[in-house]
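I have placed the structure first, in the form of structure tokens, so that the comments after it can refer back to it.
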Amino acid sequence: MTPRTSGTVVVHPLVLLNISEHTTRTAAQSKAGSLANAPLVCGALLGRQLENQAEVFLSFELKFNARDGAGAAPYELDDRHFLTRTDQMKQIFPEDEFIGWYVVASSTQVTPAIAALHQQIMRALPTALLLVFDTAFETSDGGASLPLAVYDTLPPTRVERAKLQLNFGADCGDSTAAVDYYVESTSDDAIPLEVDTVWASHLVPLRIAIDSGEAERVAIEHVANVARPTTMAIMQGEETAGGAGSSTKMAEGQESGQNAPVELTSRMATFLSSQRNAVDMLHRDITVLKAYVGEVISGAAPFDPQIMQLVHRVLCNRPVVQNDETFDLAMMQEETNFHMTAYLANITTTASVVRNLAQRSNAALSAARNKHQPYVNVNREGGMYDGGGISSMFGGGGGRQGRHRGFGHFR
Amino acid sequence: MDAYLSTLHTATTELEVTQVIQRLLEDEGIYHFGRVLDSPKAREPNVYWRLLELFSFGTLSEYKAAQLPELSERQLEKLKHLSLVSLASASKVLPYDDLIRELDCAHEQQMEDLVIDTIYKGLLSAKLDQQRRLIEVEFVVGRDVRWEDLQAIYESLDQWSVLCEKELDTLTDGVNTAERESVSKRTREREFTFALQDLRMAYAAHASMGDDADSLARYDSQYTSSEYQREERRAGTGDM
């Protein structure tokens, strides 16, 4: 689709994440389970607007009150809530301001309901952006582009009333160039016009670009890769919980055992994956530099001495130490310390496990003493337990007394 | 730097160019002359251009070997600073003796002063280890880059990138192994619990059929630890 203006809007993935989370949460909370019956999912967009380019950094949810009455405008913006939230956001993010709002629908077209809401938003901000999030994923061509559409509001012009009738159903398959969206502006001191024309603002679709800051990239990757198994587990957990309660504990256990995918709850794995992310970012930067140098060599990019000097500086400052005695010594000491601590912990746990084992086997075997031979005498000379001290500590006491007991009875 | 560049463009005679270069070399704040050398005037057969090139890419030893005009005190010191920067770019640990030799210093004190000057100028950030007679370099501003060095830079970056990739693979393997281990451990524990339960139920069924004298179920013991319970039983039966 070729947008008619050169305007672009840069959307941060955090915003998309917030929107999808809001949608999912509303869908999960509403008993219907389908978006058709769910309350309106919409919120405000915060960001910055430069001349030709808008950048959307954040979003937060908006409250709309259901209003009885006319079918075209069933919802009304809660002004107080909106103002409070905007002020709060302003305090935390002084550079970002309210530049538009988003709504979740089943396609990226602007329905009359959405247009009515947009009118209300326009009262607060005449040039608000409208972001329509498509949950049905129908308008995306093969999944390559995002299910979004962002519209910019142009200043109001005279428009024939006929154009306000947004017609749907006929061309819903091709919601692109054919339809122009106009939203009637509600201003009190409107200049009286001829019949059949009104003041309306044209909603122009914008090109969408995605950009992300470094910290954002790390967080998004975490959600996408690291936390994905957990979310999958949650979704599967929902499915099994929806069914009737399981009969025996065993069946439940087996079910969840089979359903549980790889949950990243191992602390080692979390630690390692955070390291991997860090190395990944480094690798990306190195690739960028390498590409640049490659282009300079091949002549595609100009040779700028300043920049090359900086690249050279990066290479000179890599922390590499070789053949230094003090460093080697210190490194060895640290390594040895860590190894010893880990070893000590291992020994302690092993000792306690062995002790438990000896205790329990003694208890188990002593119960059947009158039927079987005396249980494993840990005190026997030689054999497997050469460390006489330790083995006597474990089971020696019980063993000796048991032997003295003979073949008595238990009560 | 821009001022120098503009004067250079307007300079017409060789003498003027020489003067500009002289001033450039004297300037305390400028240690990178790449932009000046990039200008088309650098092709002129003025010996001072060779001098500027030396300041950009060469060291003190090269200066002594070549036939170049005399340098003033400050210019010479600048050249020494730059030579130190070159050495620091090459290795992170610089022994005192090498430095004394390369930088043409009479004794250690002079060399240390030189290093400290460089540190104050911001060209270098390092620690002087007098006991081991070393300089440990933390940060160094590099020298200018020649066209010929580009290939080397590219290869360094390439190697670094390959190392990173290998490291990433190792880390990914580590993550997967840790996850697998944790999952298998959890499954094992679960299986053990179920097996234990099975056993318990089977045993309870068996025990309820006959009143075995050697039944382990003693719930009226005042001790919760199995050891103490055993002692109690022994004490009880021992009194018989």
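Residues in the structure tokens are numbered from 1 in each chain, the chains being A, B, ... in the order shown, and ligands are numbered from 1 in the order shown.
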Residues near Leu40 in chain A, anyone? I mean within 8 Å using only C-alpha atoms, not counting same-chain ones fewer than 2 positions away, as a list of chain:residue names.
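Final neighbour list, sorted by chain and number: A:Ala38, A:Cys42, A:Phe64, A:Val103, A:Val104.
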Print the selection's residues with C-alpha atoms to a file, as a tab-separated table (two decimals), in the first residue's frame.
chain	number	residue	atom	x	y	z
A	38	ALA	CA	-15.18	-7.79	25.67
A	42	CYS	CA	-8.05	1.18	24.12
A	64	PHE	CA	-14.18	4.66	28.69
A	103	VAL	CA	-7.81	0.92	19.86
A	104	VAL	CA	-8.05	-2.79	19.29
Output as a ChimeraX atom specification the set of chain B residues within 8 Å of chain A, with distances taken over only C-alpha atoms.
/B:34-35,38,89-90,92-93,138-145,150-151,153-154,156-158,160-161,164-165,167-168,171-172,174-176,178-180,182-183,187,190,194,213-216,226-227,230,233-234,237-238
Saved selection, atoms kept: N, CA and C atoms, as a short mmCIF file (atom, residue, chain, number, x, y, z; two decimals), in the first residue's frame:
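Full text of result.cif as output:
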data_model
loop_
_atom_site.label_atom_id
_atom_site.label_comp_id
_atom_site.auth_asym_id
_atom_site.auth_seq_id
_atom_site.Cartn_x
_atom_site.Cartn_y
_atom_site.Cartn_z
N GLY B 34 44.65 13.47 11.19
CA GLY B 34 44.12 12.74 10.03
C GLY B 34 43.39 13.63 9.05
N ARG B 35 42.59 14.55 9.58
CA ARG B 35 41.79 15.38 8.68
C ARG B 35 42.66 16.30 7.84
N ASP B 38 44.21 14.47 5.06
CA ASP B 38 43.26 14.05 4.05
C ASP B 38 43.07 15.12 2.98
N SER B 89 49.13 1.25 22.64
CA SER B 89 48.11 0.61 21.81
C SER B 89 48.49 -0.82 21.50
N ALA B 90 49.80 -1.07 21.46
CA ALA B 90 50.24 -2.40 21.06
C ALA B 90 50.17 -3.39 22.21
N LYS B 92 49.33 -4.04 26.65
CA LYS B 92 48.70 -3.49 27.84
C LYS B 92 49.68 -3.32 28.99
N VAL B 93 50.79 -4.02 28.90
CA VAL B 93 51.76 -3.96 29.99
C VAL B 93 53.08 -3.51 29.39
N GLU B 138 45.18 1.16 30.94
CA GLU B 138 43.74 0.91 30.98
C GLU B 138 43.04 1.44 29.75
N PHE B 139 43.41 2.63 29.35
CA PHE B 139 42.72 3.23 28.21
C PHE B 139 43.74 4.02 27.41
N VAL B 140 43.65 3.95 26.09
CA VAL B 140 44.58 4.73 25.28
C VAL B 140 43.85 5.25 24.06
N VAL B 141 44.13 6.50 23.74
CA VAL B 141 43.62 7.05 22.49
C VAL B 141 44.53 6.52 21.41
N GLY B 142 43.98 6.00 20.34
CA GLY B 142 44.85 5.42 19.34
C GLY B 142 45.51 6.48 18.47
N ARG B 143 46.41 6.02 17.59
CA ARG B 143 46.99 6.92 16.60
C ARG B 143 46.03 7.03 15.44
N ASP B 144 46.45 7.86 14.48
CA ASP B 144 45.64 7.97 13.27
C ASP B 144 45.71 6.68 12.47
N VAL B 145 44.75 6.56 11.60
CA VAL B 145 44.65 5.32 10.83
C VAL B 145 45.01 5.59 9.38
N LEU B 150 43.57 -0.36 7.17
CA LEU B 150 42.16 -0.73 7.20
C LEU B 150 41.95 -2.23 7.13
N GLN B 151 42.73 -2.89 6.28
CA GLN B 151 42.54 -4.32 6.13
C GLN B 151 42.81 -5.03 7.45
N ILE B 153 42.51 -3.77 10.41
CA ILE B 153 41.38 -3.47 11.30
C ILE B 153 40.22 -4.39 10.99
N TYR B 154 39.95 -4.55 9.72
CA TYR B 154 38.82 -5.40 9.33
C TYR B 154 39.03 -6.82 9.83
N SER B 156 40.88 -7.80 12.36
CA SER B 156 40.72 -7.86 13.82
C SER B 156 39.26 -7.95 14.21
N LEU B 157 38.46 -7.09 13.60
CA LEU B 157 37.03 -7.11 13.90
C LEU B 157 36.43 -8.45 13.55
N ASP B 158 36.89 -9.00 12.42
CA ASP B 158 36.36 -10.29 12.01
C ASP B 158 36.65 -11.37 13.04
N TRP B 160 37.36 -10.99 16.17
CA TRP B 160 36.61 -10.71 17.38
C TRP B 160 35.18 -11.21 17.25
N SER B 161 34.61 -10.94 16.09
CA SER B 161 33.24 -11.36 15.86
C SER B 161 33.11 -12.88 15.88
N CYS B 164 33.17 -14.01 19.41
CA CYS B 164 31.88 -13.76 20.05
C CYS B 164 30.87 -14.83 19.67
N GLU B 165 30.87 -15.19 18.39
CA GLU B 165 29.90 -16.20 17.96
C GLU B 165 30.15 -17.53 18.67
N GLU B 167 31.53 -17.93 21.50
CA GLU B 167 31.13 -17.76 22.89
C GLU B 167 29.62 -17.87 23.03
N LEU B 168 28.90 -17.27 22.08
CA LEU B 168 27.44 -17.34 22.11
C LEU B 168 26.98 -18.78 22.02
N LEU B 171 27.54 -20.45 25.31
CA LEU B 171 26.56 -20.04 26.31
C LEU B 171 25.21 -20.67 26.03
N THR B 172 24.81 -20.71 24.74
CA THR B 172 23.52 -21.32 24.43
C THR B 172 23.53 -22.79 24.85
N GLY B 174 25.29 -24.08 27.18
CA GLY B 174 25.21 -24.10 28.64
C GLY B 174 23.80 -23.91 29.12
N VAL B 175 23.09 -22.96 28.53
CA VAL B 175 21.72 -22.71 28.93
C VAL B 175 20.87 -23.95 28.72
N ASN B 176 21.01 -24.55 27.52
CA ASN B 176 20.19 -25.73 27.22
C ASN B 176 20.50 -26.87 28.16
N ALA B 178 21.71 -26.69 31.20
CA ALA B 178 21.19 -26.40 32.54
C ALA B 178 19.69 -26.64 32.59
N GLU B 179 18.99 -26.19 31.56
CA GLU B 179 17.54 -26.40 31.54
C GLU B 179 17.20 -27.88 31.54
N ARG B 180 17.90 -28.61 30.66
CA ARG B 180 17.61 -30.05 30.55
C ARG B 180 17.81 -30.73 31.88
N SER B 182 17.76 -29.45 34.83
CA SER B 182 16.78 -29.08 35.83
C SER B 182 15.46 -29.80 35.58
N VAL B 183 15.08 -29.91 34.32
CA VAL B 183 13.83 -30.60 34.00
C VAL B 183 13.92 -32.06 34.37
N THR B 187 11.64 -34.15 36.96
CA THR B 187 10.86 -35.34 36.60
C THR B 187 11.24 -36.51 37.48
N ARG B 190 9.63 -36.16 40.78
CA ARG B 190 8.21 -36.45 40.70
C ARG B 190 7.96 -37.94 40.62
N PHE B 194 5.88 -40.42 43.22
CA PHE B 194 4.78 -41.30 42.84
C PHE B 194 5.08 -42.74 43.20
N ALA B 213 3.27 -58.15 63.46
CA ALA B 213 3.93 -57.66 64.66
C ALA B 213 5.03 -56.69 64.32
N ASP B 214 5.56 -56.87 63.15
CA ASP B 214 6.66 -55.98 62.82
C ASP B 214 6.19 -54.82 61.94
N SER B 215 4.98 -54.37 62.23
CA SER B 215 4.52 -53.21 61.48
C SER B 215 5.25 -51.97 61.98
N LEU B 216 5.60 -51.19 61.08
CA LEU B 216 6.37 -50.01 61.44
C LEU B 216 5.51 -48.87 61.95
N SER B 226 13.06 -40.42 63.27
CA SER B 226 13.03 -41.89 63.17
C SER B 226 14.08 -42.51 64.08
N GLU B 227 15.20 -41.81 64.26
CA GLU B 227 16.24 -42.34 65.13
C GLU B 227 15.75 -42.50 66.55
N ARG B 230 13.41 -45.26 66.98
CA ARG B 230 14.07 -46.56 67.04
C ARG B 230 14.63 -46.81 68.42
N ARG B 233 11.96 -47.75 70.75
CA ARG B 233 11.52 -49.13 70.63
C ARG B 233 12.51 -50.09 71.26
N ARG B 234 13.77 -49.80 71.03
CA ARG B 234 14.80 -50.68 71.57
C ARG B 234 14.78 -50.64 73.08
N THR B 237 11.75 -52.71 74.19
CA THR B 237 11.91 -54.17 74.11
C THR B 237 13.11 -54.65 74.91
N GLY B 238 14.06 -53.73 75.18
CA GLY B 238 15.25 -54.18 75.92
C GLY B 238 14.94 -54.45 77.38
#
CA of Phe98 in chain A to CA of Val223 in chain A, distance in Å rounded to a single decimal
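For CA of Phe98 in chain A relative to CA of Val223 in chain A, the distance reads 26.3 Å.
In this model, the gap between CA of Leu77 in chain A and CA of Thr153 in chain A comes to 18.5 Å.
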Residue neighbourhood Ser56 in chain B, 12 Å, only C-alpha atoms, exclusion window fewer than 4 positions, as a VMD selection string
(chain A and resid 305 309) or (chain B and resid 24 to 25 30 to 38 49 to 52 60 62 to 63 78 to 79 81 to 83 85 to 86 142 to 146)
Show which residues sit within 10 Å of range 8-15 of chain B, as a list of chain:residue names. Count only C-alpha atoms, and ignore same-chain residues fewer than 3 positions away.
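The residues satisfying every condition are B:Asp2, B:Ala3, B:Tyr4, B:Leu5, B:Thr18, B:Gln19, B:Val20, B:Ile21, B:Val36, B:Ser39, B:Pro40, B:Lys41, B:Glu44, B:Pro45, B:Asn46, B:Tyr48.
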Saved selection, atoms kept: all heavy atoms, as a compact mmCIF listing (two decimals), in the first residue's frame:
# COMPACT_ATOMS: atom_id res chain seq x y z
N ASP B 2 39.42 23.17 12.72
CA ASP B 2 38.79 23.77 11.54
C ASP B 2 39.50 25.03 11.12
O ASP B 2 39.65 25.32 9.92
CB ASP B 2 37.32 24.09 11.85
CG ASP B 2 36.52 22.83 12.04
OD1 ASP B 2 36.84 21.85 11.34
OD2 ASP B 2 35.61 22.81 12.88
N ALA B 3 39.97 25.78 12.12
CA ALA B 3 40.69 27.02 11.79
C ALA B 3 41.93 26.69 10.97
O ALA B 3 42.21 27.33 9.95
CB ALA B 3 41.07 27.75 13.07
N TYR B 4 42.63 25.67 11.42
CA TYR B 4 43.84 25.28 10.70
C TYR B 4 43.52 24.86 9.28
O TYR B 4 44.22 25.19 8.32
CB TYR B 4 44.56 24.12 11.42
CG TYR B 4 45.27 24.56 12.66
CD1 TYR B 4 44.82 24.19 13.92
CD2 TYR B 4 46.42 25.34 12.59
CE1 TYR B 4 45.48 24.58 15.05
CE2 TYR B 4 47.09 25.73 13.72
CZ TYR B 4 46.61 25.35 14.96
OH TYR B 4 47.27 25.74 16.08
N LEU B 5 42.44 24.10 9.16
CA LEU B 5 42.07 23.62 7.83
C LEU B 5 41.76 24.79 6.91
O LEU B 5 42.15 24.82 5.74
CB LEU B 5 40.85 22.71 7.92
CG LEU B 5 41.16 21.26 8.29
CD1 LEU B 5 39.88 20.49 8.51
CD2 LEU B 5 41.98 20.61 7.20
N THR B 18 54.14 25.76 5.26
CA THR B 18 55.07 25.32 6.30
C THR B 18 54.72 25.92 7.65
O THR B 18 54.72 25.25 8.68
CB THR B 18 56.51 25.74 5.92
OG1 THR B 18 56.76 25.30 4.60
CG2 THR B 18 57.50 25.13 6.87
N GLN B 19 54.41 27.21 7.60
CA GLN B 19 54.08 27.87 8.87
C GLN B 19 52.84 27.27 9.51
O GLN B 19 52.79 27.05 10.72
CB GLN B 19 53.85 29.36 8.62
CG GLN B 19 55.14 30.13 8.53
CD GLN B 19 54.86 31.59 8.24
OE1 GLN B 19 53.73 31.95 7.90
NE2 GLN B 19 55.88 32.42 8.37
N VAL B 20 51.84 26.98 8.67
CA VAL B 20 50.60 26.41 9.23
C VAL B 20 50.90 25.08 9.90
O VAL B 20 50.44 24.78 11.01
CB VAL B 20 49.54 26.24 8.12
CG1 VAL B 20 48.33 25.50 8.68
CG2 VAL B 20 49.13 27.58 7.56
N ILE B 21 51.72 24.29 9.19
CA ILE B 21 52.04 22.97 9.75
C ILE B 21 52.80 23.12 11.06
O ILE B 21 52.56 22.40 12.03
CB ILE B 21 52.84 22.13 8.74
CG1 ILE B 21 51.98 21.88 7.51
CG2 ILE B 21 53.26 20.82 9.36
CD1 ILE B 21 52.64 21.02 6.51
N VAL B 36 43.73 16.77 8.44
CA VAL B 36 44.60 17.66 7.67
C VAL B 36 45.28 16.88 6.56
O VAL B 36 45.40 17.34 5.42
CB VAL B 36 45.65 18.31 8.60
CG1 VAL B 36 46.58 19.17 7.81
CG2 VAL B 36 44.96 19.11 9.67
N SER B 39 43.40 16.33 3.32
CA SER B 39 43.14 17.42 2.36
C SER B 39 44.06 17.28 1.15
O SER B 39 45.17 16.77 1.27
CB SER B 39 43.35 18.77 3.04
OG SER B 39 44.72 19.10 3.05
N PRO B 40 43.64 17.73 -0.01
CA PRO B 40 44.43 17.51 -1.25
C PRO B 40 45.80 18.17 -1.20
O PRO B 40 46.72 17.74 -1.89
CB PRO B 40 43.55 18.13 -2.34
CG PRO B 40 42.60 19.02 -1.62
CD PRO B 40 42.40 18.43 -0.27
N LYS B 41 45.98 19.17 -0.37
CA LYS B 41 47.27 19.84 -0.33
C LYS B 41 48.38 18.94 0.16
O LYS B 41 49.55 19.25 0.02
CB LYS B 41 47.19 21.06 0.60
CG LYS B 41 46.43 22.20 0.02
CD LYS B 41 47.08 23.51 0.37
CE LYS B 41 46.57 24.47 -0.68
NZ LYS B 41 46.57 25.78 -0.49
N GLU B 44 51.54 17.84 -1.86
CA GLU B 44 52.62 18.74 -2.27
C GLU B 44 53.96 18.24 -1.77
O GLU B 44 54.05 17.65 -0.70
CB GLU B 44 52.36 20.14 -1.71
CG GLU B 44 51.23 20.86 -2.40
CD GLU B 44 50.94 22.17 -1.71
OE1 GLU B 44 51.82 22.61 -0.94
OE2 GLU B 44 49.86 22.72 -1.91
N PRO B 45 55.00 18.48 -2.52
CA PRO B 45 56.32 17.97 -2.14
C PRO B 45 56.98 18.83 -1.07
O PRO B 45 58.12 19.24 -1.22
CB PRO B 45 57.10 18.03 -3.45
CG PRO B 45 56.46 19.16 -4.20
CD PRO B 45 55.01 19.15 -3.83
N ASN B 46 56.26 19.09 0.00
CA ASN B 46 56.82 19.89 1.07
C ASN B 46 57.28 18.93 2.15
O ASN B 46 56.52 18.07 2.58
CB ASN B 46 55.75 20.84 1.60
CG ASN B 46 56.34 21.87 2.54
OD1 ASN B 46 57.43 21.70 3.06
ND2 ASN B 46 55.60 22.95 2.72
N TYR B 48 57.60 19.26 5.10
CA TYR B 48 56.84 19.35 6.34
C TYR B 48 55.63 18.44 6.33
O TYR B 48 55.13 18.03 7.37
CB TYR B 48 56.42 20.80 6.61
CG TYR B 48 57.50 21.52 7.36
CD1 TYR B 48 58.54 22.15 6.69
CD2 TYR B 48 57.50 21.53 8.74
CE1 TYR B 48 59.55 22.78 7.38
CE2 TYR B 48 58.49 22.17 9.44
CZ TYR B 48 59.52 22.79 8.76
OH TYR B 48 60.50 23.39 9.46
If you run DSSP on the backbone here, which positions in range 50-129 of chain A get helix (DSSP H, G or I)? Please write them as an mmCIF file with C-alpha atoms, in the first residue's frame.
data_model
loop_
_atom_site.group_PDB
_atom_site.id
_atom_site.type_symbol
_atom_site.label_atom_id
_atom_site.label_comp_id
_atom_site.auth_asym_id
_atom_site.auth_seq_id
_atom_site.Cartn_x
_atom_site.Cartn_y
_atom_site.Cartn_z
ATOM 1 C CA ASP A 79 -11.914 12.933 31.257
ATOM 2 C CA ARG A 80 -10.871 12.951 34.857
ATOM 3 C CA HIS A 81 -9.096 9.616 34.628
ATOM 4 C CA PHE A 82 -7.459 10.668 31.417
ATOM 5 C CA LEU A 83 -6.152 13.918 32.866
ATOM 6 C CA THR A 84 -4.864 12.266 36.013
ATOM 7 C CA ARG A 85 -2.987 9.631 34.087
ATOM 8 C CA THR A 86 -1.536 12.118 31.665
ATOM 9 C CA ASP A 87 -0.254 14.241 34.517
ATOM 10 C CA GLN A 88 1.288 11.245 36.223
ATOM 11 C CA MET A 89 3.002 10.190 33.049
ATOM 12 C CA LYS A 90 4.226 13.699 32.533
ATOM 13 C CA GLN A 91 5.970 13.619 35.860
ATOM 14 C CA ILE A 92 7.826 10.445 35.127
ATOM 15 C CA PRO A 112 -17.984 4.552 12.966
ATOM 16 C CA ALA A 113 -17.603 3.622 16.609
ATOM 17 C CA ILE A 114 -13.916 4.260 16.424
ATOM 18 C CA ALA A 115 -14.517 7.482 14.568
ATOM 19 C CA ALA A 116 -16.875 8.660 17.296
ATOM 20 C CA LEU A 117 -14.238 7.957 19.908
ATOM 21 C CA HIS A 118 -11.659 9.710 17.816
ATOM 22 C CA GLN A 119 -13.840 12.765 17.848
ATOM 23 C CA GLN A 120 -13.676 12.831 21.605
ATOM 24 C CA ILE A 121 -9.942 12.441 21.581
ATOM 25 C CA MET A 122 -9.671 15.221 19.096
ATOM 26 C CA ARG A 123 -11.163 17.542 21.634
ATOM 27 C CA ALA A 124 -8.076 17.024 23.762
#
Measure the distance from CA of Val17 in chain B to CA of Glu77 in chain B in Å and round it to one decimal.
22.3 Å
For each of B:Ala152, B:Ile116, B:Leu123, B:Leu68, take the minimum atom-to-atom distance to Gly29 in chain B, counting only C-alpha atoms, then give the residue where this is smallest.
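Using only C-alpha atoms, Gly29 in chain B sits closest to B:Leu123.
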